[in-house]
Amino acid sequence: MIYCNSLQSQVAINVDGSSPNGSAMLDVKSTTKGMLIPRMDSTQRVAIATPATGLLVYQTNGTDGFWFYNGSAWLSLNDATHITDKIADTDNDTKIQVEETGDEDIIRFDMGGTEFFRMDSGRFEVLNTGMSIFIGEGSGLNDDGTNNYNTFLGFHSGKANISGYANTFLGSNTGSSNTTGIANTFLGEGTGYSNISGNANTFIGGTAGYNNLAGTANTFIGVDAGHYNLNGNSNIFIGNSAGYENTSGSGNIFFGNSAGFSELGSNKLYIDNSSTSSPLIYGEFDNNLVRINGALNVEGAIKIADGTQSTGKVLTSDANGLASWQTASSGSVTEIKDADNDTKIQVEETADDDIIRFDIAGTEFFRMNS
């Protein structure tokens with residue numbers, strides 16, 4: 001059935017009597033048949049007088065297939081030279097290319113005239129970013145583009161970085177405030193968030209080292225480990241919330257969940273599994289001190305060496321509990337006495353006198369004779 005709307009000069013060809021689509025001059029509808037456009041050989045095609053731009057025919061010989069007239073020449077739709085190898089903006093400085101040179105099989109991504117990404121075989125390469133990789137909204141946003149060798153992955157990771165180099169930030173907001181810090185490794189949401197110029201820090205665990213500004217050579221492992229450290233250096237905090245409130249102490253080592261939680265000093269050793277101020281093992285590196293806050297059970301040999309130990313010496317203690325190695329008395333013991341030697345018991349004041357004497361405060365008050 002042919003339906004013709006003479007008012008709009010539209011034609012519908014179908015078997016169901018439907019009207020032509022309002023946007024079409026010719027609307028052909030079928031579910032069992034196709035449409036054939038004029039078929040001819042190449043001689044007949046080129047013999048068409050004054051072909052209209054866009055005229056389409058099907059050529060049956062030579063380079064067979066569909067041909068169209070572009071206004072100045074006939075072109076084959078089967079000719080690969082007319083298939084674009086790129087998509088580009090108006091000024092051609094932002095584009096995606098699949099063949100920059102003959103059959104190289106590399107996909108290139110150019111923006112503003114610079115090639116930033118390249119897909120080559122199974123590799124995705126980042127180019128012209130100063131040997132750095134930035135993935136995530138706002139990551140590396142302010143990097144100066146020099147050879148900084150940074151790797152920032154995550155929302156706003158390394159966002160403020162300008163010239164800091166050799167940093168690795170993985171996670172949302174990691175190292176977001178870093179501007180000049182060097183050789184830091186931050187792994188976990190918000191780790192090292194406030195770091196600006198601190199160097200050689202390793203923070204692993206959500207918000208570990210969150211407030212660190214300029215602290216250097218710290219290692220914080222665990223959620224919130226070293227959370228409030230600002231400028232303390234050379235600390236090692238391992239455990240969730242270990243060293244949580246330490247702001248400027250340096251040279252500390254805290255091991256265990258919440259170990260050293262409120263300790264603000266420096267050169268301290270805490271080994272415990274709580275925030276107690278009296279950890280199971282406490283130490284002061286600057287004083288060469290170690291304290292055990294609990295029973296010490298030693299199975300096997302024990303060695304106590306202070307430089308004065310030698311064969312035959314005995315370990316003795318003073319009134320304060322400080323032990324030292326002393327030379328043991330040789331031969332028989334003939335008296336016991338106090339420190340100033342004025343109160344004592346003697347069994348031999350003179351050679352072989354066989355008298356037991358009791359002196360108190362320098363005076364002999366009792367004597368046992370036969």
# chains A, B, ... in the order shown; residues from 1 in each chain; ligands from 1

$ residues_around --residues "A:Gln346" --least-positions-apart "6" --cutoff "7 Å" --atoms "only C-alpha atoms" --output "list in words"
Thr334, Glu335, Ile336, Ile356, Arg357 and Phe358 of chain A

$ write_last_selection --atoms "N, CA, C and O atoms" --output "compact mmCIF listing (two decimals), in the first residue's frame"
# COMPACT_ATOMS: atom_id res chain seq x y z
N THR A 334 84.41 -14.67 109.86
CA THR A 334 84.65 -14.57 111.30
C THR A 334 83.79 -13.52 111.96
O THR A 334 83.80 -13.42 113.20
N GLU A 335 83.06 -12.72 111.19
CA GLU A 335 82.20 -11.70 111.79
C GLU A 335 81.09 -11.30 110.83
O GLU A 335 81.22 -11.45 109.61
N ILE A 336 80.00 -10.80 111.40
CA ILE A 336 78.96 -10.13 110.62
C ILE A 336 78.81 -8.74 111.21
O ILE A 336 78.90 -8.55 112.44
N ILE A 356 83.02 -15.43 121.55
CA ILE A 356 82.02 -14.75 120.72
C ILE A 356 81.69 -13.41 121.36
O ILE A 356 81.32 -13.35 122.55
N ARG A 357 81.85 -12.32 120.59
CA ARG A 357 81.70 -10.98 121.14
C ARG A 357 80.53 -10.26 120.43
O ARG A 357 80.35 -10.37 119.23
N PHE A 358 79.77 -9.46 121.14
CA PHE A 358 78.63 -8.70 120.62
C PHE A 358 78.88 -7.21 120.87
O PHE A 358 78.87 -6.76 122.03

$ select_by_dssp --residues "stretch 8-90 of chain A" --states "alpha helix (DSSP H)" --output "short mmCIF file (atom, residue, chain, number, x, y, z; two decimals) with N, CA and C atoms, in the first residue's frame"
data_model
loop_
_atom_site.label_atom_id
_atom_site.label_comp_id
_atom_site.auth_asym_id
_atom_site.auth_seq_id
_atom_site.Cartn_x
_atom_site.Cartn_y
_atom_site.Cartn_z
N SER A 42 30.35 0.71 -12.89
CA SER A 42 31.10 1.95 -12.71
C SER A 42 30.93 2.90 -13.87
N THR A 43 30.80 2.34 -15.12
CA THR A 43 30.61 3.21 -16.29
C THR A 43 29.30 3.97 -16.19
N GLN A 44 28.29 3.27 -15.78
CA GLN A 44 26.97 3.90 -15.66
C GLN A 44 26.96 4.94 -14.54
N ARG A 45 27.70 4.64 -13.45
CA ARG A 45 27.72 5.59 -12.32
C ARG A 45 28.34 6.90 -12.72
N VAL A 46 29.52 6.84 -13.37
CA VAL A 46 30.20 8.08 -13.72
C VAL A 46 29.49 8.82 -14.86
#

$ residues_around --residues "A:Phe155" --least-positions-apart "4" --cutoff "6 Å" --atoms "only C-alpha atoms" --output "PyMOL selection string"
chain A and resi 136-137+172-173

$ residues_around --residues "A:Ile253" --least-positions-apart "3" --cutoff "10 Å" --atoms "only C-alpha atoms" --output "number ranges by chain"
A: 219, 234-238, 242-243, 250, 259-260, 266-271, 283-285

$ residues_around --residues "stretch 288-297 of chain A" --least-positions-apart "5" --cutoff "7 Å" --atoms "only C-alpha atoms" --output "NGL selection string"
:A and (278-283)

$ write_last_selection --atoms "all heavy atoms" --output "PDB file, in the first residue's frame"
ATOM      1  N   SER A 278      51.321   2.858  82.660  1.00  0.00           N
ATOM      2  CA  SER A 278      52.288   1.925  83.245  1.00  0.00           C
ATOM      3  C   SER A 278      52.286   0.649  82.417  1.00  0.00           C
ATOM      4  O   SER A 278      51.739  -0.386  82.823  1.00  0.00           O
ATOM      5  CB  SER A 278      51.931   1.618  84.703  1.00  0.00           C
ATOM      6  OG  SER A 278      51.967   2.788  85.491  1.00  0.00           O
ATOM      7  N   PRO A 279      52.878   0.697  81.251  1.00  0.00           N
ATOM      8  CA  PRO A 279      52.812  -0.457  80.347  1.00  0.00           C
ATOM      9  C   PRO A 279      53.575  -1.655  80.900  1.00  0.00           C
ATOM     10  O   PRO A 279      54.426  -1.516  81.788  1.00  0.00           O
ATOM     11  CB  PRO A 279      53.479   0.072  79.072  1.00  0.00           C
ATOM     12  CG  PRO A 279      54.420   1.110  79.569  1.00  0.00           C
ATOM     13  CD  PRO A 279      53.719   1.773  80.716  1.00  0.00           C
ATOM     14  N   LEU A 280      53.267  -2.807  80.373  1.00  0.00           N
ATOM     15  CA  LEU A 280      53.945  -4.015  80.798  1.00  0.00           C
ATOM     16  C   LEU A 280      55.459  -3.859  80.710  1.00  0.00           C
ATOM     17  O   LEU A 280      56.194  -4.243  81.609  1.00  0.00           O
ATOM     18  CB  LEU A 280      53.482  -5.206  79.955  1.00  0.00           C
ATOM     19  CG  LEU A 280      54.101  -6.556  80.301  1.00  0.00           C
ATOM     20  CD1 LEU A 280      53.728  -6.960  81.723  1.00  0.00           C
ATOM     21  CD2 LEU A 280      53.673  -7.615  79.304  1.00  0.00           C
ATOM     22  N   ILE A 281      55.917  -3.265  79.606  1.00  0.00           N
ATOM     23  CA  ILE A 281      57.343  -2.965  79.447  1.00  0.00           C
ATOM     24  C   ILE A 281      57.490  -1.481  79.155  1.00  0.00           C
ATOM     25  O   ILE A 281      56.909  -0.958  78.209  1.00  0.00           O
ATOM     26  CB  ILE A 281      57.978  -3.792  78.322  1.00  0.00           C
ATOM     27  CG1 ILE A 281      57.852  -5.283  78.618  1.00  0.00           C
ATOM     28  CG2 ILE A 281      59.445  -3.417  78.135  1.00  0.00           C
ATOM     29  CD1 ILE A 281      58.397  -6.175  77.517  1.00  0.00           C
ATOM     30  N   TYR A 282      58.242  -0.798  79.987  1.00  0.00           N
ATOM     31  CA  TYR A 282      58.465   0.644  79.849  1.00  0.00           C
ATOM     32  C   TYR A 282      59.962   0.893  79.713  1.00  0.00           C
ATOM     33  O   TYR A 282      60.780   0.206  80.342  1.00  0.00           O
ATOM     34  CB  TYR A 282      57.929   1.388  81.068  1.00  0.00           C
ATOM     35  CG  TYR A 282      58.313   2.843  81.131  1.00  0.00           C
ATOM     36  CD1 TYR A 282      57.582   3.801  80.434  1.00  0.00           C
ATOM     37  CD2 TYR A 282      59.409   3.271  81.882  1.00  0.00           C
ATOM     38  CE1 TYR A 282      57.932   5.141  80.476  1.00  0.00           C
ATOM     39  CE2 TYR A 282      59.765   4.605  81.934  1.00  0.00           C
ATOM     40  CZ  TYR A 282      59.025   5.536  81.239  1.00  0.00           C
ATOM     41  OH  TYR A 282      59.378   6.863  81.283  1.00  0.00           O
ATOM     42  N   GLY A 283      60.336   1.856  78.905  1.00  0.00           N
ATOM     43  CA  GLY A 283      61.754   2.156  78.758  1.00  0.00           C
ATOM     44  C   GLY A 283      62.007   3.612  78.475  1.00  0.00           C
ATOM     45  O   GLY A 283      61.120   4.351  78.029  1.00  0.00           O
TER      46      GLY A 283
END

$ atom_distance --atom1 "atom CA of A:Arg123" --atom2 "atom CA of A:Gly188"
26.1 Å

$ select_by_dssp --residues "stretch 47-199 of chain A" --states "strand (DSSP E or B)" --output "ChimeraX atom specification"
/A:56-59,65-69,74-76,86-88,95-97,106-111,114-120,123-126,133-135,151-153,168-170,185-187

$ write_last_selection --atoms "C-alpha atoms" --output "compact mmCIF listing (two decimals), in the first residue's frame"
# COMPACT_ATOMS: atom_id res chain seq x y z
CA LEU A 56 23.85 7.12 -3.39
CA VAL A 57 24.13 4.12 -5.74
CA TYR A 58 25.27 0.51 -5.52
CA GLN A 59 28.12 -0.38 -7.90
CA GLY A 65 29.39 -1.71 -2.93
CA PHE A 66 27.81 1.61 -2.00
CA TRP A 67 29.15 4.81 -3.57
CA PHE A 68 28.14 8.38 -2.76
CA TYR A 69 28.82 11.71 -4.36
CA TRP A 74 32.43 9.80 -6.08
CA LEU A 75 33.63 7.95 -2.94
CA SER A 76 33.25 4.30 -2.00
CA LYS A 86 40.50 9.82 15.27
CA ILE A 87 37.92 11.96 16.97
CA ALA A 88 38.93 15.53 17.67
CA LYS A 95 41.63 14.11 20.38
CA ILE A 96 41.70 10.33 20.53
CA GLN A 97 43.75 8.66 17.79
CA ILE A 106 48.39 2.42 19.60
CA ILE A 107 45.50 4.45 21.03
CA ARG A 108 46.58 7.96 22.00
CA PHE A 109 44.78 10.56 24.12
CA ASP A 110 45.78 14.20 23.54
CA MET A 111 44.46 17.14 25.56
CA THR A 114 49.76 17.29 24.72
CA GLU A 115 49.59 13.51 24.69
CA PHE A 116 48.88 12.43 28.30
CA PHE A 117 47.74 8.82 27.95
CA ARG A 118 48.58 5.95 25.65
CA MET A 119 47.23 2.41 25.35
CA ASP A 120 49.86 0.13 23.86
CA ARG A 123 49.73 -1.35 28.92
CA PHE A 124 48.05 1.90 29.95
CA GLU A 125 50.77 4.56 29.97
CA VAL A 126 50.69 8.00 31.62
CA ILE A 133 50.61 9.21 38.08
CA PHE A 134 47.45 10.93 39.31
CA ILE A 135 44.19 8.95 39.45
CA THR A 151 51.96 8.32 42.60
CA PHE A 152 48.62 9.65 43.89
CA LEU A 153 45.56 7.40 43.78
CA THR A 168 53.15 7.48 47.20
CA PHE A 169 49.63 8.33 48.41
CA LEU A 170 46.92 5.65 48.09
CA THR A 185 54.22 6.71 51.84
CA PHE A 186 50.61 7.13 52.97
CA LEU A 187 48.20 4.21 52.64
